[in-house]
>>> print(open('my_file_6.csv').read())   # CSV, C-alpha atoms
chain,number,residue,atom,x,y,z
A,471,MET,CA,-45.5,-27.6,70.1
A,472,SER,CA,-47.5,-26.1,67.3
A,473,SER,CA,-48.1,-22.4,67.9
A,474,PRO,CA,-51.6,-21.6,69.1
A,475,THR,CA,-54.1,-20.3,66.5
A,476,THR,CA,-56.4,-17.3,67.1
A,477,PRO,CA,-59.9,-18.5,67.8
A,478,THR,CA,-62.4,-16.8,65.5
A,479,THR,CA,-65.1,-17.0,68.1
A,480,ASN,CA,-65.7,-15.3,71.4
A,481,ASN,CA,-68.0,-18.0,72.7
A,482,PRO,CA,-66.2,-19.6,75.7
A,483,PHE,CA,-67.7,-23.0,74.9
A,484,ASP,CA,-66.3,-22.9,71.4
A,485,ILE,CA,-63.0,-21.8,72.7
A,486,PHE,CA,-62.9,-24.7,75.1
A,487,VAL,CA,-63.7,-27.1,72.3
A,488,ILE,CA,-60.8,-25.6,70.2
A,489,GLY,CA,-58.4,-26.3,73.1
A,490,ALA,CA,-59.9,-29.7,73.8
A,491,ARG,CA,-59.4,-30.6,70.2
A,492,LYS,CA,-55.8,-29.6,70.4
A,493,GLY,CA,-55.5,-31.7,73.5
A,494,PHE,CA,-57.0,-34.7,71.7
A,495,ASN,CA,-54.6,-34.4,68.8
A,496,MET,CA,-51.8,-33.9,71.2
A,497,ALA,CA,-52.8,-37.0,73.3
A,498,ILE,CA,-53.3,-39.2,70.2
A,499,ASN,CA,-50.4,-38.0,68.0
A,500,ASN,CA,-47.8,-37.2,70.6
A,501,LEU,CA,-48.5,-38.7,74.0
A,502,MET,CA,-49.9,-42.1,72.9
A,503,PRO,CA,-47.0,-43.2,70.6
A,504,ASN,CA,-44.5,-42.0,73.2
A,505,VAL,CA,-46.2,-43.7,76.1
A,506,LEU,CA,-46.4,-46.9,74.0
A,507,MET,CA,-42.7,-46.6,73.1
A,508,ALA,CA,-41.7,-46.0,76.7
A,509,TYR,CA,-43.7,-49.0,77.9
A,510,VAL,CA,-42.0,-51.2,75.3
A,511,ILE,CA,-38.6,-49.9,76.2
A,512,ALA,CA,-39.3,-50.5,79.9
A,513,GLU,CA,-40.4,-54.0,79.0
A,514,ILE,CA,-37.2,-54.7,77.0
A,515,LEU,CA,-35.1,-53.4,79.9
A,516,ASN,CA,-37.1,-55.6,82.2
A,517,VAL,CA,-36.9,-58.8,80.2
A,518,THR,CA,-33.2,-58.4,79.6
A,519,GLY,CA,-32.6,-57.7,83.3
A,520,ALA,CA,-31.0,-54.3,82.3
A,521,MET,CA,-33.5,-52.4,84.4
A,522,LYS,CA,-32.3,-54.2,87.5
A,523,ALA,CA,-28.7,-53.5,86.6
A,524,ILE,CA,-29.5,-49.8,86.0
A,525,GLY,CA,-31.4,-49.7,89.2
A,526,THR,CA,-28.4,-51.1,91.2
A,527,LEU,CA,-25.9,-49.0,89.3
A,528,PHE,CA,-27.6,-45.7,89.8
A,529,ALA,CA,-29.1,-46.4,93.2
A,530,PRO,CA,-26.4,-44.4,95.1
A,531,ALA,CA,-26.6,-41.4,92.8
A,532,MET,CA,-30.4,-41.3,92.7
A,533,ALA,CA,-30.6,-41.8,96.5
A,534,ILE,CA,-29.4,-38.2,96.8
A,535,PHE,CA,-32.7,-37.1,95.4
A,536,GLY,CA,-34.7,-39.7,97.4
A,537,LEU,CA,-35.3,-41.8,94.3
A,538,PRO,CA,-34.7,-45.4,93.4
A,539,GLY,CA,-31.9,-46.1,90.8
A,540,GLU,CA,-34.4,-47.0,88.1
A,541,ALA,CA,-35.6,-43.3,88.1
A,542,VAL,CA,-32.5,-42.5,86.0
A,543,THR,CA,-34.3,-44.0,83.0
A,544,VAL,CA,-37.0,-41.3,83.3
A,545,LEU,CA,-34.3,-38.6,83.3
A,546,ILE,CA,-32.5,-40.0,80.3
A,547,SER,CA,-35.8,-40.4,78.4
A,548,THR,CA,-37.0,-36.9,79.1
A,549,TRP,CA,-33.6,-35.5,77.9
A,550,LEU,CA,-34.3,-37.1,74.6
A,551,SER,CA,-38.0,-36.3,74.5
A,552,CYS,CA,-40.4,-34.9,77.2
A,553,SER,CA,-43.2,-37.2,76.2
A,554,ALA,CA,-41.0,-40.3,76.4
A,555,GLY,CA,-39.9,-39.2,79.9
A,556,VAL,CA,-43.5,-38.8,81.0
A,557,GLY,CA,-44.3,-42.2,79.5
A,558,MET,CA,-41.4,-43.8,81.3
A,559,ALA,CA,-42.4,-42.3,84.6
A,560,LEU,CA,-46.0,-43.6,84.0
A,561,SER,CA,-44.7,-47.0,83.1
A,562,LEU,CA,-42.5,-47.3,86.2
A,563,PHE,CA,-45.4,-45.9,88.3
A,564,THR,CA,-47.8,-48.6,87.1
A,565,LYS,CA,-45.2,-51.2,87.7
A,566,GLY,CA,-44.9,-50.0,91.3
A,567,VAL,CA,-41.2,-49.1,90.8
A,568,LEU,CA,-41.9,-45.4,91.4
A,569,THR,CA,-44.4,-44.1,93.9
A,570,GLY,CA,-46.4,-40.8,93.6
A,571,THR,CA,-43.8,-39.2,95.8
A,572,HIS,CA,-41.1,-40.3,93.4
A,573,VAL,CA,-43.0,-38.9,90.4
A,574,SER,CA,-43.5,-35.6,92.3
A,575,ILE,CA,-39.8,-35.4,92.9
A,576,LEU,CA,-39.1,-36.1,89.2
A,577,MET,CA,-41.8,-33.7,88.0
A,578,PRO,CA,-39.8,-30.4,87.7
A,579,ALA,CA,-36.8,-32.2,86.2
A,580,LEU,CA,-39.0,-33.8,83.6
A,581,PHE,CA,-39.5,-30.3,82.1
A,582,LEU,CA,-36.3,-28.5,83.1
A,583,MET,CA,-34.2,-30.9,81.0
A,584,ALA,CA,-36.9,-31.8,78.6
A,585,SER,CA,-36.2,-32.6,75.0
A,586,GLN,CA,-32.8,-31.1,75.1
A,587,ILE,CA,-31.6,-32.9,72.0
A,588,GLN,CA,-34.6,-31.7,69.9
A,589,TYR,CA,-34.4,-28.2,71.2
A,590,MET,CA,-30.7,-27.9,70.3
A,591,GLY,CA,-32.0,-27.5,66.7
A,592,ARG,CA,-35.4,-26.1,67.3
A,593,LEU,CA,-34.3,-23.5,69.8
A,594,LEU,CA,-30.5,-22.9,69.9
A,595,GLY,CA,-30.2,-23.5,66.2
A,596,VAL,CA,-33.1,-21.3,65.2
A,597,ALA,CA,-32.1,-18.5,67.6
A,598,ASP,CA,-28.5,-18.6,66.2
A,599,VAL,CA,-26.8,-19.1,69.5
A,600,PRO,CA,-23.1,-19.7,68.8
A,601,LYS,CA,-22.3,-23.4,69.3
A,602,LYS,CA,-19.5,-22.5,71.7
A,603,TYR,CA,-22.2,-21.8,74.4
A,604,TRP,CA,-24.4,-24.8,73.8
A,605,PRO,CA,-22.6,-27.1,76.4
A,606,LEU,CA,-22.9,-24.3,79.0
A,607,LEU,CA,-26.7,-24.1,78.4
A,608,MET,CA,-27.0,-27.9,78.6
A,609,VAL,CA,-25.1,-28.1,81.8
A,610,ILE,CA,-27.3,-25.3,83.3
A,611,SER,CA,-30.4,-27.3,82.4
A,612,ILE,CA,-29.1,-30.4,84.1
A,613,LEU,CA,-28.0,-28.5,87.2
A,614,ASN,CA,-31.4,-26.8,87.3
A,615,SER,CA,-33.0,-30.3,87.2
A,616,CYS,CA,-30.8,-31.7,90.0
A,617,LEU,CA,-31.4,-28.7,92.3
A,618,ALA,CA,-35.1,-28.8,91.6
A,619,MET,CA,-35.3,-32.5,92.5
A,620,LEU,CA,-33.4,-31.8,95.7
A,621,ILE,CA,-35.9,-29.1,96.6
A,622,MET,CA,-38.8,-31.4,95.7
A,623,ARG,CA,-37.4,-34.1,97.9
A,624,PHE,CA,-38.0,-31.8,100.9
A,625,VAL,CA,-41.4,-30.5,99.7
A,626,VAL,CA,-43.1,-33.9,99.2
B,678,MET,CA,-52.6,-16.3,69.7
B,679,GLY,CA,-50.4,-15.4,66.7
B,680,VAL,CA,-48.5,-13.0,68.9
B,681,GLU,CA,-45.9,-12.5,66.1
B,682,ASN,CA,-48.4,-10.5,64.1
B,683,GLN,CA,-49.8,-8.4,66.9
B,684,SER,CA,-48.8,-4.8,67.4
B,685,PRO,CA,-47.9,-3.8,71.0
B,686,ASP,CA,-51.2,-2.0,71.3
B,687,GLU,CA,-53.1,-5.3,71.1
B,688,TRP,CA,-51.1,-6.4,74.1
B,689,LYS,CA,-52.8,-3.9,76.4
B,690,VAL,CA,-53.7,-5.6,79.6
B,691,GLY,CA,-57.0,-4.9,81.3
B,692,VAL,CA,-58.4,-6.0,84.6
B,693,GLY,CA,-60.1,-8.9,82.9
B,694,ALA,CA,-56.7,-10.3,81.8
B,695,TYR,CA,-55.5,-10.3,85.4
B,696,ILE,CA,-58.7,-12.0,86.5
B,697,ALA,CA,-58.2,-14.6,83.8
B,698,LEU,CA,-54.6,-15.2,85.1
B,699,ILE,CA,-55.8,-15.5,88.7
B,700,PHE,CA,-58.5,-17.9,87.6
B,701,ALA,CA,-55.9,-19.9,85.7
B,702,VAL,CA,-53.6,-20.2,88.7
B,703,LEU,CA,-56.5,-21.1,91.1
B,704,PHE,CA,-57.9,-23.7,88.7
B,705,PHE,CA,-54.7,-25.7,88.5
B,706,SER,CA,-53.6,-24.9,92.1
B,707,GLY,CA,-55.6,-27.7,93.7
B,708,LEU,CA,-56.7,-25.2,96.4
B,709,PHE,CA,-60.4,-25.9,95.6
B,710,MET,CA,-60.1,-29.6,95.7
B,711,LYS,CA,-62.2,-31.2,98.4
B,712,VAL,CA,-62.7,-28.2,100.6
B,713,ASP,CA,-64.6,-29.4,103.6
B,714,GLY,CA,-68.2,-28.0,103.7
B,715,MET,CA,-67.6,-26.2,100.4
B,716,GLU,CA,-67.6,-29.0,97.9
B,717,TRP,CA,-69.1,-26.7,95.3
B,718,LEU,CA,-65.7,-25.1,94.9
B,719,GLY,CA,-64.7,-28.3,93.1
B,720,ALA,CA,-66.4,-26.8,90.1
B,721,LEU,CA,-63.3,-24.5,89.9
B,722,ASP,CA,-60.8,-27.3,90.3
B,723,PHE,CA,-58.9,-29.1,87.6
B,724,THR,CA,-58.5,-32.5,89.4
B,725,THR,CA,-62.2,-32.6,90.4
B,726,LEU,CA,-63.3,-31.8,86.9
B,727,SER,CA,-61.0,-34.4,85.4
B,728,GLY,CA,-63.2,-36.9,87.2
B,729,LYS,CA,-62.4,-40.6,87.3
B,730,PHE,CA,-63.2,-43.7,85.3
B,731,GLY,CA,-65.7,-46.2,86.7
B,732,THR,CA,-64.4,-49.6,87.7
B,733,LEU,CA,-64.9,-53.0,86.2
B,734,GLN,CA,-66.7,-55.8,87.9
B,735,ASP,CA,-64.0,-56.7,90.4
B,736,GLY,CA,-64.5,-53.1,91.7
B,737,LYS,CA,-60.8,-52.3,91.7
B,738,SER,CA,-59.4,-51.7,88.2
B,739,THR,CA,-60.6,-49.3,85.5
B,740,PHE,CA,-60.8,-50.4,81.9
B,741,VAL,CA,-57.0,-50.2,81.9
B,742,GLY,CA,-57.1,-53.3,84.0
B,743,ASN,CA,-54.3,-54.8,86.2
B,744,GLY,CA,-51.2,-56.6,85.2
B,745,GLY,CA,-50.9,-55.5,81.6
B,746,VAL,CA,-47.4,-55.2,80.1
B,747,SER,CA,-45.6,-53.5,77.2
B,748,ALA,CA,-47.3,-52.1,74.1
B,749,LYS,CA,-50.8,-53.2,74.8
B,750,ALA,CA,-50.7,-51.9,78.4
B,751,GLY,CA,-49.1,-48.7,77.2
B,752,PHE,CA,-51.8,-48.2,74.6
B,753,LEU,CA,-54.7,-48.6,77.0
B,754,PHE,CA,-53.0,-46.5,79.6
B,755,ALA,CA,-52.3,-43.7,77.1
B,756,LEU,CA,-56.0,-43.9,76.1
B,757,SER,CA,-57.0,-43.3,79.7
B,758,LEU,CA,-54.9,-40.1,79.7
B,759,VAL,CA,-56.8,-38.5,76.8
B,760,PRO,CA,-59.6,-36.8,78.8
B,761,THR,CA,-57.2,-35.1,81.2
B,762,VAL,CA,-55.1,-33.7,78.4
B,763,MET,CA,-58.2,-32.5,76.6
B,764,LEU,CA,-59.6,-30.8,79.7
B,765,ALA,CA,-56.2,-29.1,80.5
B,766,LEU,CA,-55.8,-27.7,77.0
B,767,GLY,CA,-59.5,-26.7,76.7
B,768,MET,CA,-59.2,-24.6,79.9
B,769,LEU,CA,-55.8,-23.3,79.0
B,770,GLU,CA,-57.3,-22.0,75.7
B,771,ILE,CA,-60.0,-20.2,77.6
B,772,PHE,CA,-57.6,-18.6,80.1
B,773,SER,CA,-55.3,-17.5,77.2
B,774,HIS,CA,-58.3,-16.1,75.3
B,775,TYR,CA,-59.2,-13.9,78.2
B,776,GLY,CA,-55.7,-12.6,78.5
B,777,ALA,CA,-54.0,-14.7,81.1
B,778,ILE,CA,-50.8,-14.8,79.1
B,779,ARG,CA,-50.9,-11.1,78.4
B,780,ALA,CA,-51.2,-10.4,82.2
B,781,ALA,CA,-48.3,-12.8,82.8
B,782,HIS,CA,-46.3,-10.9,80.2
B,783,LYS,CA,-47.0,-7.6,81.9
B,784,LEU,CA,-45.9,-9.0,85.3
B,785,LEU,CA,-42.8,-10.7,83.9
B,786,THR,CA,-41.3,-7.7,81.9
B,787,PRO,CA,-40.2,-5.6,84.9
B,788,LEU,CA,-38.2,-8.6,86.2
B,789,LEU,CA,-36.0,-9.0,83.1
B,790,ARG,CA,-33.6,-6.1,83.5
B,791,PRO,CA,-32.8,-6.4,87.2
B,792,LEU,CA,-32.6,-10.3,87.2
B,793,LEU,CA,-31.1,-11.1,83.8
B,794,GLY,CA,-29.7,-7.8,82.5
B,795,ILE,CA,-31.8,-8.0,79.3
B,796,PRO,CA,-34.1,-5.2,78.0
B,797,GLY,CA,-37.8,-5.3,78.8
B,798,LEU,CA,-38.7,-5.6,75.1
B,799,THR,CA,-37.5,-9.2,75.2
B,800,GLY,CA,-40.5,-10.0,77.4
B,801,LEU,CA,-42.7,-11.0,74.5
B,802,ALA,CA,-40.2,-13.5,73.1
B,803,MET,CA,-39.7,-14.9,76.6
B,804,ILE,CA,-43.4,-15.3,77.4
B,805,THR,CA,-44.0,-16.8,74.0
B,806,ASP,CA,-41.3,-19.4,74.8
B,807,LEU,CA,-43.5,-20.5,77.7
B,808,GLN,CA,-46.1,-21.5,75.2
B,809,SER,CA,-44.2,-22.5,72.2
B,810,THR,CA,-40.5,-23.2,72.0
B,811,ASP,CA,-40.4,-22.7,68.2
B,812,ALA,CA,-42.2,-19.3,68.2
B,813,GLY,CA,-40.1,-18.1,71.1
B,814,ALA,CA,-36.9,-19.0,69.3
B,815,ALA,CA,-38.0,-17.3,66.1
B,816,LEU,CA,-38.9,-14.1,68.0
B,817,THR,CA,-35.5,-14.2,69.8
B,818,LYS,CA,-33.7,-14.5,66.5
B,819,GLU,CA,-35.7,-11.6,65.1
B,820,LEU,CA,-34.7,-9.3,68.1
B,821,TYR,CA,-31.0,-10.1,67.4
B,822,ASP,CA,-31.3,-9.6,63.6
B,823,GLU,CA,-32.9,-6.2,64.3
B,824,LYS,CA,-30.0,-5.4,66.6
B,825,GLN,CA,-32.4,-4.9,69.6
B,826,ILE,CA,-30.2,-7.2,71.7
B,827,THR,CA,-26.5,-8.0,71.8
B,828,LYS,CA,-25.0,-11.5,71.4
B,829,LYS,CA,-24.5,-11.8,75.1
B,830,GLU,CA,-28.2,-10.9,75.7
B,831,LEU,CA,-29.1,-13.5,73.1
B,832,VAL,CA,-27.2,-16.2,75.0
B,833,ILE,CA,-28.8,-15.2,78.3
B,834,MET,CA,-32.3,-15.2,76.7
B,835,SER,CA,-31.6,-18.6,75.2
B,836,ALA,CA,-30.4,-20.0,78.6
B,837,TRP,CA,-33.7,-18.9,80.1
B,838,GLN,CA,-35.7,-20.5,77.2
B,839,TYR,CA,-33.7,-23.7,76.8
B,840,SER,CA,-34.2,-25.1,80.3
B,841,GLY,CA,-37.9,-25.9,80.6
B,842,ALA,CA,-38.7,-24.7,77.1
B,843,GLY,CA,-42.3,-24.5,76.2
B,844,MET,CA,-43.0,-24.9,79.9
B,845,ILE,CA,-46.8,-24.2,80.0
B,846,ASN,CA,-47.7,-26.2,77.0
B,847,ASN,CA,-45.4,-29.1,77.8
B,848,TYR,CA,-46.6,-29.1,81.4
B,849,PHE,CA,-50.3,-29.2,80.6
B,850,ALA,CA,-50.3,-31.1,77.3
B,851,ILE,CA,-47.8,-33.8,78.3
B,852,GLY,CA,-47.3,-33.5,82.0
B,853,SER,CA,-51.1,-33.6,82.7
B,854,ALA,CA,-50.7,-37.4,82.1
B,855,VAL,CA,-49.0,-37.7,85.5
B,856,PHE,CA,-51.0,-35.1,87.4
B,857,SER,CA,-53.1,-37.8,89.2
B,858,THR,CA,-50.0,-39.5,90.6
B,859,LEU,CA,-48.6,-36.3,92.2
B,860,THR,CA,-48.6,-36.0,95.9
B,861,VAL,CA,-48.1,-32.2,95.7
B,862,PRO,CA,-50.5,-29.5,94.3
B,863,VAL,CA,-50.2,-29.5,90.5
B,864,LEU,CA,-48.8,-26.0,90.4
B,865,VAL,CA,-45.9,-26.6,92.8
B,866,PRO,CA,-43.5,-28.3,90.3
B,867,LEU,CA,-44.6,-25.8,87.6
B,868,LEU,CA,-43.7,-22.9,89.9
B,869,LEU,CA,-40.3,-24.6,90.6
B,870,VAL,CA,-39.6,-25.0,86.9
B,871,PHE,CA,-40.4,-21.3,86.4
B,872,VAL,CA,-38.1,-20.2,89.2
B,873,PHE,CA,-35.3,-22.4,88.0
B,874,LYS,CA,-35.5,-20.9,84.5
B,875,PHE,CA,-34.4,-17.6,86.2
B,876,ILE,CA,-31.8,-19.3,88.4
B,877,GLY,CA,-30.3,-21.0,85.4
B,878,ALA,CA,-30.3,-17.8,83.3
B,879,ILE,CA,-28.7,-15.8,86.2
B,880,GLY,CA,-26.0,-18.5,86.3
B,881,ALA,CA,-25.5,-18.2,82.5
B,882,ARG,CA,-25.2,-14.4,82.9
B,883,PHE,CA,-22.6,-14.9,85.6
B,884,VAL,CA,-20.5,-17.3,83.6
B,885,LEU,CA,-20.7,-15.0,80.5
B,886,ASN,CA,-19.6,-12.1,82.6
B,887,SER,CA,-16.6,-14.0,84.1
B,888,ALA,CA,-15.3,-17.0,82.1
B,889,TYR,CA,-16.4,-15.7,78.7
B,890,LYS,CA,-15.8,-12.0,79.5
B,891,LYS,CA,-13.4,-11.5,76.5
B,892,ASP,CA,-16.0,-12.6,74.0
B,893,PHE,CA,-18.2,-9.6,74.7
B,894,ILE,CA,-15.5,-7.0,75.1
B,895,ASN,CA,-16.9,-5.0,72.1
B,896,GLU,CA,-20.5,-5.0,73.2
>>> encode(input="my_file_6.csv", output="structure tokens")
Amino acid sequence: MSSPTTPTTNNPFDIFVIGARKGFNMAINNLMPNVLMAYVIAEILNVTGAMKAIGTLFAPAMAIFGLPGEAVTVLISTWLSCSAGVGMALSLFTKGVLTGTHVSILMPALFLMASQIQYMGRLLGVADVPKKYWPLLMVISILNSCLAMLIMRFVV
Amino acid sequence: MGVENQSPDEWKVGVGAYIALIFAVLFFSGLFMKVDGMEWLGALDFTTLSGKFGTLQDGKSTFVGNGGVSAKAGFLFALSLVPTVMLALGMLEIFSHYGAIRAAHKLLTPLLRPLLGIPGLTGLAMITDLQSTDAGAALTKELYDEKQITKKELVIMSAWQYSGAGMINNYFAIGSAVFSTLTVPVLVPLLLVFVFKFIGAIGARFVLNSAYKKDFINE
């Protein structure tokens, strides 16, 4: 995420436009390529029948969170990149594999374990956290996600 | 907001900042969506203002259509998400401008010592992480280089930042794409992410104080 710049204006309309422009760039440069990629990956998984296999394989584990087995692809994607995870969730939602309830359950996890691979370098590397503790922090993120999904299961 | 370059004085929080924070929370809370008899409140509601696309002739599907697959379907679908993201970031910019983030910083700081055992001066780096992972990481490194925090505090801070990094920006810039599919108010998952950042960091603090106790014997 690019760091926000100071608006040189005090006019709320101009400030809105500055933010909306950031949103446009974000949507076009970040969201759109990632959503497109997620749709294509989902289609590859579909055509090859892998999605079905994944769905069956992970059905018992994901059932703990009230989710179908296919939902694990959303979690794997978000772990690599948050946008890809959101894209995958959208793709499965439009296909009818996930319902709004399922997406709601996944929602906190989409961010609690978001982009962990990227952030290893961008956060842990930059802040100079000794590598010894990286696995600990990664396990914590995944535990956070699992617990949050369990809570969401009973909220929705 | 270029927080790195601001002196602490510029981080003074007035009443206006709290009002901005309250507005920000209400705007995304969904509380003002379709209030019976008070439809005008929708003017203060994110989902209402996001609006909806008109339908094509069959009266069912928007321009995205039905039954599309793969790259082409993904492209059109992503296109339909653009307005929501623009609205979310436009409003976020306004709330930030009027001090919502500063007010949140002020509210967060007193929690750090009792919950995480890290000094209040880390508050700025922590709140910055909510907006930008990279800026938060840079500020954290700076605190350690200036010997304001110990190695253990650095690890605890990073645990808090790592899970749900860039929470606010990611949630509204990327997550807003799925807002319309949610069956819960938009702020509920966000709140949960925020709470779990603390739970995870408290867990890290506990592990560092037990399993890794020997590492920090000199601190």
>>> atom_distance(input="my_file_6.csv", atom1="atom CA of B:Tyr889", atom2="atom CA of A:Val596")
22.2 Å
>>> residues_near_point(input="my_file_6.csv", point="(-44.0, -35.2, 83.4)", cutoff="6 Å", atoms="all atoms listed in the file", output="ChimeraX atom specification")
/A:556,577,580 /B:852,855
>>> closest_atom_pairs(input="my_file_6.csv", of="chain A", to="chain B", cutoff="7 Å", atoms="all atoms listed in the file", output="CSV")
residue,atom,partner,partner_atom,distance
A:Met471,CA,B:Ser809,CA,5.7
A:Ser472,CA,B:Ser809,CA,6.9
A:Ser473,CA,B:Ser809,CA,5.8
A:Pro474,CA,B:Met678,CA,5.4
A:Thr475,CA,B:Met678,CA,5.3
A:Thr476,CA,B:Met678,CA,4.7
A:Pro482,CA,B:Ile771,CA,6.5
A:Ile485,CA,B:Ile771,CA,6.0
A:Phe486,CA,B:Gly767,CA,4.3
A:Val487,CA,B:Gly767,CA,6.1
A:Ile488,CA,B:Gly767,CA,6.7
A:Gly489,CA,B:Gly767,CA,3.8
A:Ala490,CA,B:Gly767,CA,4.2
A:Arg491,CA,B:Met763,CA,6.8
A:Lys492,CA,B:Leu766,CA,6.9
A:Gly493,CA,B:Met763,CA,4.2
A:Phe494,CA,B:Met763,CA,5.5
A:Met496,CA,B:Ala850,CA,6.9
A:Ala497,CA,B:Val759,CA,5.5
A:Leu501,CA,B:Ile851,CA,6.6
A:Met502,CA,B:Ala755,CA,5.1
A:Val505,CA,B:Gly751,CA,5.9
A:Leu506,CA,B:Gly751,CA,4.6
A:Tyr509,CA,B:Ser747,CA,4.9
A:Val510,CA,B:Ser747,CA,4.7
A:Glu513,CA,B:Ser747,CA,5.5
A:Ser553,CA,B:Ile851,CA,6.1
A:Val556,CA,B:Gly852,CA,6.6
A:Leu560,CA,B:Val855,CA,6.8
A:Gly570,CA,B:Thr858,CA,4.9
A:Thr571,CA,B:Thr860,CA,5.8
A:Val573,CA,B:Leu859,CA,6.4
A:Ser574,CA,B:Leu859,CA,5.1
A:Met577,CA,B:Pro866,CA,6.1
A:Pro578,CA,B:Pro866,CA,5.0
A:Phe581,CA,B:Gly841,CA,4.9
A:Leu582,CA,B:Gly841,CA,3.9
A:Met583,CA,B:Ser840,CA,5.8
A:Ala584,CA,B:Gly841,CA,6.3
A:Arg592,CA,B:Asp811,CA,6.1
A:Leu593,CA,B:Ala814,CA,5.2
A:Leu594,CA,B:Ser835,CA,6.9
A:Val596,CA,B:Ala814,CA,6.0
A:Ala597,CA,B:Lys818,CA,4.4
A:Asp598,CA,B:Lys818,CA,6.6
A:Val599,CA,B:Val832,CA,6.2
A:Leu607,CA,B:Ala836,CA,5.5
A:Ile610,CA,B:Gly877,CA,5.6
A:Ser611,CA,B:Ser840,CA,4.9
A:Asn614,CA,B:Phe873,CA,5.9
A:Ala618,CA,B:Leu869,CA,6.8
A:Val626,CA,B:Val861,CA,6.3
>>> write_last_selection(input="my_file_6.csv", atoms="C-alpha atoms", output="PDB file, keeping the file's coordinate frame")
ATOM      1  CA  MET A 471     -45.500 -27.600  70.100  1.00  0.00           C
ATOM      2  CA  SER A 472     -47.500 -26.100  67.300  1.00  0.00           C
ATOM      3  CA  SER A 473     -48.100 -22.400  67.900  1.00  0.00           C
ATOM      4  CA  PRO A 474     -51.600 -21.600  69.100  1.00  0.00           C
ATOM      5  CA  THR A 475     -54.100 -20.300  66.500  1.00  0.00           C
ATOM      6  CA  THR A 476     -56.400 -17.300  67.100  1.00  0.00           C
ATOM      7  CA  PRO A 482     -66.200 -19.600  75.700  1.00  0.00           C
ATOM      8  CA  ILE A 485     -63.000 -21.800  72.700  1.00  0.00           C
ATOM      9  CA  PHE A 486     -62.900 -24.700  75.100  1.00  0.00           C
ATOM     10  CA  VAL A 487     -63.700 -27.100  72.300  1.00  0.00           C
ATOM     11  CA  ILE A 488     -60.800 -25.600  70.200  1.00  0.00           C
ATOM     12  CA  GLY A 489     -58.400 -26.300  73.100  1.00  0.00           C
ATOM     13  CA  ALA A 490     -59.900 -29.700  73.800  1.00  0.00           C
ATOM     14  CA  ARG A 491     -59.400 -30.600  70.200  1.00  0.00           C
ATOM     15  CA  LYS A 492     -55.800 -29.600  70.400  1.00  0.00           C
ATOM     16  CA  GLY A 493     -55.500 -31.700  73.500  1.00  0.00           C
ATOM     17  CA  PHE A 494     -57.000 -34.700  71.700  1.00  0.00           C
ATOM     18  CA  MET A 496     -51.800 -33.900  71.200  1.00  0.00           C
ATOM     19  CA  ALA A 497     -52.800 -37.000  73.300  1.00  0.00           C
ATOM     20  CA  LEU A 501     -48.500 -38.700  74.000  1.00  0.00           C
ATOM     21  CA  MET A 502     -49.900 -42.100  72.900  1.00  0.00           C
ATOM     22  CA  VAL A 505     -46.200 -43.700  76.100  1.00  0.00           C
ATOM     23  CA  LEU A 506     -46.400 -46.900  74.000  1.00  0.00           C
ATOM     24  CA  TYR A 509     -43.700 -49.000  77.900  1.00  0.00           C
ATOM     25  CA  VAL A 510     -42.000 -51.200  75.300  1.00  0.00           C
ATOM     26  CA  GLU A 513     -40.400 -54.000  79.000  1.00  0.00           C
ATOM     27  CA  SER A 553     -43.200 -37.200  76.200  1.00  0.00           C
ATOM     28  CA  VAL A 556     -43.500 -38.800  81.000  1.00  0.00           C
ATOM     29  CA  LEU A 560     -46.000 -43.600  84.000  1.00  0.00           C
ATOM     30  CA  GLY A 570     -46.400 -40.800  93.600  1.00  0.00           C
ATOM     31  CA  THR A 571     -43.800 -39.200  95.800  1.00  0.00           C
ATOM     32  CA  VAL A 573     -43.000 -38.900  90.400  1.00  0.00           C
ATOM     33  CA  SER A 574     -43.500 -35.600  92.300  1.00  0.00           C
ATOM     34  CA  MET A 577     -41.800 -33.700  88.000  1.00  0.00           C
ATOM     35  CA  PRO A 578     -39.800 -30.400  87.700  1.00  0.00           C
ATOM     36  CA  PHE A 581     -39.500 -30.300  82.100  1.00  0.00           C
ATOM     37  CA  LEU A 582     -36.300 -28.500  83.100  1.00  0.00           C
ATOM     38  CA  MET A 583     -34.200 -30.900  81.000  1.00  0.00           C
ATOM     39  CA  ALA A 584     -36.900 -31.800  78.600  1.00  0.00           C
ATOM     40  CA  ARG A 592     -35.400 -26.100  67.300  1.00  0.00           C
ATOM     41  CA  LEU A 593     -34.300 -23.500  69.800  1.00  0.00           C
ATOM     42  CA  LEU A 594     -30.500 -22.900  69.900  1.00  0.00           C
ATOM     43  CA  VAL A 596     -33.100 -21.300  65.200  1.00  0.00           C
ATOM     44  CA  ALA A 597     -32.100 -18.500  67.600  1.00  0.00           C
ATOM     45  CA  ASP A 598     -28.500 -18.600  66.200  1.00  0.00           C
ATOM     46  CA  VAL A 599     -26.800 -19.100  69.500  1.00  0.00           C
ATOM     47  CA  LEU A 607     -26.700 -24.100  78.400  1.00  0.00           C
ATOM     48  CA  ILE A 610     -27.300 -25.300  83.300  1.00  0.00           C
ATOM     49  CA  SER A 611     -30.400 -27.300  82.400  1.00  0.00           C
ATOM     50  CA  ASN A 614     -31.400 -26.800  87.300  1.00  0.00           C
ATOM     51  CA  ALA A 618     -35.100 -28.800  91.600  1.00  0.00           C
ATOM     52  CA  VAL A 626     -43.100 -33.900  99.200  1.00  0.00           C
TER      53      VAL A 626
END
>>> closest_atom_pairs(input="my_file_6.csv", of="stretch 522-549 of chain A", to="stretch 563-568 of chain A", cutoff="10 Å", atoms="all atoms listed in the file", output="tab-separated table")
residue	atom	partner	partner_atom	distance
A:Gly525	CA	A:Val567	CA	9.9
A:Leu537	CA	A:Leu568	CA	8.1
A:Pro538	CA	A:Leu568	CA	7.5
A:Gly539	CA	A:Val567	CA	9.8
A:Glu540	CA	A:Val567	CA	7.6
A:Ala541	CA	A:Leu568	CA	7.4
